[in-house]
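Chemist: What follows is a single structure, and I will ask about it in a moment.
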Amino acid sequence: DVLAQPADAIGIGPGLGTGNQARILRIVREAACPMVVDADALTIIAHAGLQHLDKAKGPRLLTPHPGEMQRLLAGKKIRDRAATARAFVDSHPVTLLLKGARTVIAQRGHPLRYNTTGHPGMATGGMGDVLTGVCTALLAQGADTFLAASLGAWVCGRAAEIAIAGGANSAESLSPTDVLSNLGRAFDSMRAGDF
């Protein structure tokens with residue numbers, strides 16, 4: 001049903017599970033609108049083959065954490081995050097947001113970008129789902145994949161910083177809900193030029 005809907009953008013992967021592989025691969029390949037591909041969708045692509053990304057009819061933003069990236073690389077260890085990101089986008093027509101300490105954002109024809117916001121408290125389940133949602137929303141508002149990745153990573157990291165700055169949370173207690181609750185303040189911070 002997804003392909004029949006008039007979507008401005010699609011976020012696919014979080015919470016899907018790895019069943020229905022054929023349907024998920026079809027959506028990744030055939031949807032003409034921009035798409036954020038994360039979580040279980042990345043795992044499915046890693047097992048089915050990267051040719052599904054190469055045949056995609058619309059722009060694709062991949063948001064893997066290091067383990068998902070290693071699966072996309074058929075188990076190859078990541079020794080240099082920047083070099084890995086650059087090589088991947090040189091080989092595949094996607095935008096890559098490689099999560100981790102100093103997230104790397106790469107797209108063919110663009111200089112690498114590094115996100116400077118966030119902290120170790122973001123290394124918990126569900127944080128990537130928030131990022132997927134934010135990036136998908138930015139795509140739906142007309143941002144291209146490189147801009148959506150850059151802004152999405154920055155505001156999610158900034159929201160996490162704001163969440164612990166007031167003292168109500170700590171890096172150890174931070175939850176995805178805390179990041180969601182502070183997204184508005186993070187966007188205000190971005191508009192104020194706090195970078």
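How things are named: the first chain in the structure tokens is A, the next is B, and so on; residues count from 1 in each chain; ligands count from 1 in the order shown.
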If you run DSSP on the backbone here, which positions in chain A get strand (DSSP E or B)? Please write them as a list in words.

Modeler: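 Here is the list: Ile10, Gly11, Ile12, Met35, Val36, Val37, Arg60, Leu61, Leu62, Thr95, Leu96, Leu97, Leu98, Val104, Ile105, Ala106, Gln107, Arg113 and Tyr114 of chain A.
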
Chemist: Keeping all heavy atoms, export the residues of the selection given above as a compact mmCIF listing (two decimals), in the first residue's frame.

Modeler:
```txt
# COMPACT_ATOMS: atom_id res chain seq x y z
N ILE A 10 9.48 8.99 2.98
CA ILE A 10 9.23 7.74 3.71
C ILE A 10 10.42 7.50 4.63
O ILE A 10 11.57 7.67 4.24
CB ILE A 10 9.08 6.54 2.74
CG1 ILE A 10 7.84 6.71 1.86
CG2 ILE A 10 9.03 5.22 3.50
CD1 ILE A 10 7.72 5.67 0.76
N GLY A 11 10.12 7.06 5.85
CA GLY A 11 11.12 6.54 6.77
C GLY A 11 10.83 5.07 6.94
O GLY A 11 9.71 4.70 7.28
N ILE A 12 11.81 4.21 6.69
CA ILE A 12 11.56 2.77 6.73
C ILE A 12 12.64 2.06 7.54
O ILE A 12 13.81 2.38 7.42
CB ILE A 12 11.46 2.20 5.30
CG1 ILE A 12 10.94 0.76 5.30
CG2 ILE A 12 12.77 2.32 4.55
CD1 ILE A 12 10.54 0.26 3.91
N MET A 35 13.74 8.93 0.84
CA MET A 35 13.52 7.92 1.88
C MET A 35 14.70 7.84 2.83
O MET A 35 15.85 7.89 2.41
CB MET A 35 13.33 6.55 1.20
CG MET A 35 13.06 5.40 2.14
SD MET A 35 12.92 3.83 1.24
CE MET A 35 11.52 4.16 0.16
N VAL A 36 14.37 7.71 4.12
CA VAL A 36 15.38 7.40 5.13
C VAL A 36 15.31 5.90 5.38
O VAL A 36 14.24 5.36 5.65
CB VAL A 36 15.14 8.16 6.45
CG1 VAL A 36 16.22 7.82 7.47
CG2 VAL A 36 15.10 9.67 6.21
N VAL A 37 16.45 5.24 5.26
CA VAL A 37 16.53 3.78 5.43
C VAL A 37 17.36 3.50 6.67
O VAL A 37 18.52 3.91 6.75
CB VAL A 37 17.16 3.11 4.19
CG1 VAL A 37 17.15 1.60 4.33
CG2 VAL A 37 16.45 3.54 2.90
N ARG A 60 18.01 8.34 -1.43
CA ARG A 60 18.02 7.50 -0.24
C ARG A 60 19.06 8.01 0.76
O ARG A 60 20.21 8.27 0.40
CB ARG A 60 18.33 6.05 -0.59
CG ARG A 60 17.34 5.41 -1.55
CD ARG A 60 15.93 5.32 -0.95
NE ARG A 60 14.97 4.73 -1.86
CZ ARG A 60 14.02 5.42 -2.50
NH1 ARG A 60 13.91 6.74 -2.35
NH2 ARG A 60 13.16 4.80 -3.29
N LEU A 61 18.63 8.14 2.00
CA LEU A 61 19.49 8.51 3.12
C LEU A 61 19.58 7.31 4.05
O LEU A 61 18.57 6.89 4.60
CB LEU A 61 18.92 9.72 3.86
CG LEU A 61 19.49 10.06 5.24
CD1 LEU A 61 20.99 10.25 5.21
CD2 LEU A 61 18.78 11.28 5.82
N LEU A 62 20.77 6.76 4.20
CA LEU A 62 21.00 5.62 5.09
C LEU A 62 21.55 6.14 6.40
O LEU A 62 22.45 6.99 6.40
CB LEU A 62 22.00 4.65 4.47
CG LEU A 62 21.49 3.65 3.43
CD1 LEU A 62 20.85 4.34 2.24
CD2 LEU A 62 22.61 2.75 2.97
N THR A 95 23.03 9.01 0.28
CA THR A 95 23.62 9.84 1.32
C THR A 95 23.78 8.95 2.53
O THR A 95 22.89 8.15 2.84
CB THR A 95 22.70 11.03 1.65
OG1 THR A 95 22.47 11.79 0.46
CG2 THR A 95 23.32 11.94 2.72
N LEU A 96 24.90 9.05 3.20
CA LEU A 96 25.19 8.20 4.34
C LEU A 96 25.38 9.05 5.58
O LEU A 96 26.16 10.00 5.58
CB LEU A 96 26.46 7.39 4.08
CG LEU A 96 26.88 6.43 5.19
CD1 LEU A 96 25.90 5.27 5.31
CD2 LEU A 96 28.29 5.91 4.94
N LEU A 97 24.65 8.70 6.64
CA LEU A 97 24.84 9.31 7.94
C LEU A 97 25.31 8.17 8.84
O LEU A 97 24.52 7.34 9.28
CB LEU A 97 23.51 9.90 8.45
CG LEU A 97 23.55 10.71 9.74
CD1 LEU A 97 22.33 11.64 9.80
CD2 LEU A 97 23.60 9.85 10.97
N LEU A 98 26.62 8.09 9.05
CA LEU A 98 27.22 7.03 9.86
C LEU A 98 27.26 7.50 11.30
O LEU A 98 28.06 8.35 11.68
CB LEU A 98 28.62 6.70 9.34
CG LEU A 98 29.40 5.61 10.09
CD1 LEU A 98 28.60 4.32 10.22
CD2 LEU A 98 30.73 5.35 9.39
N VAL A 104 29.43 11.00 10.92
CA VAL A 104 29.96 11.38 9.61
C VAL A 104 28.81 11.38 8.61
O VAL A 104 28.05 10.42 8.53
CB VAL A 104 31.05 10.39 9.14
CG1 VAL A 104 31.57 10.78 7.76
CG2 VAL A 104 32.18 10.32 10.14
N ILE A 105 28.71 12.45 7.83
CA ILE A 105 27.69 12.57 6.80
C ILE A 105 28.39 12.69 5.46
O ILE A 105 29.26 13.56 5.28
CB ILE A 105 26.77 13.78 7.06
CG1 ILE A 105 26.10 13.62 8.44
CG2 ILE A 105 25.74 13.94 5.95
CD1 ILE A 105 25.60 14.89 9.04
N ALA A 106 28.03 11.81 4.53
CA ALA A 106 28.72 11.77 3.25
C ALA A 106 27.74 11.63 2.10
O ALA A 106 26.71 10.95 2.21
CB ALA A 106 29.70 10.59 3.21
N GLN A 107 28.08 12.28 1.00
CA GLN A 107 27.34 12.16 -0.25
C GLN A 107 28.32 12.47 -1.38
O GLN A 107 29.13 13.39 -1.25
CB GLN A 107 26.15 13.12 -0.30
CG GLN A 107 25.32 12.99 -1.57
CD GLN A 107 24.10 13.90 -1.52
OE1 GLN A 107 23.35 13.89 -0.56
NE2 GLN A 107 23.93 14.69 -2.56
N ARG A 113 30.85 15.88 6.14
CA ARG A 113 30.43 16.70 7.28
C ARG A 113 30.51 15.86 8.53
O ARG A 113 30.27 14.65 8.49
CB ARG A 113 28.99 17.19 7.10
CG ARG A 113 28.86 18.32 6.12
CD ARG A 113 27.49 18.93 6.15
NE ARG A 113 27.45 20.07 5.25
CZ ARG A 113 26.35 20.61 4.78
NH1 ARG A 113 25.17 20.13 5.13
NH2 ARG A 113 26.41 21.64 3.97
N TYR A 114 30.81 16.52 9.63
CA TYR A 114 30.87 15.86 10.93
C TYR A 114 29.92 16.59 11.86
O TYR A 114 29.96 17.81 11.95
CB TYR A 114 32.29 15.91 11.51
CG TYR A 114 33.31 15.20 10.67
CD1 TYR A 114 33.96 15.88 9.64
CD2 TYR A 114 33.61 13.86 10.89
CE1 TYR A 114 34.90 15.23 8.85
CE2 TYR A 114 34.54 13.21 10.10
CZ TYR A 114 35.18 13.89 9.08
OH TYR A 114 36.10 13.26 8.29
```

Chemist: Contacts of Pro59 of chain A at 12 Å or less, counting only C-alpha atoms, minus same-chain residues fewer than 4 places along, as a ChimeraX atom specification?

Modeler: /A:8-11,28-37,53-55,92-96,107,136,139,143-146,148

Chemist: Determine, counting only C-alpha atoms, which protein, DNA and RNA residues have an atom within 6 Å of an atom of segment 180-186 of chain A; residues of the same chain fewer than 3 positions away are not included. Present the result as an MDAnalysis selection string.

Modeler: chainID A and resid 155 158:159 177 189

Chemist: Using only C-alpha atoms for the distances, tell me which of A:His65, A:Arg86, A:His119, A:His52 is nearest to Leu174 of chain A.

Modeler: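 The closest residue to Leu174 of chain A is A:His119.
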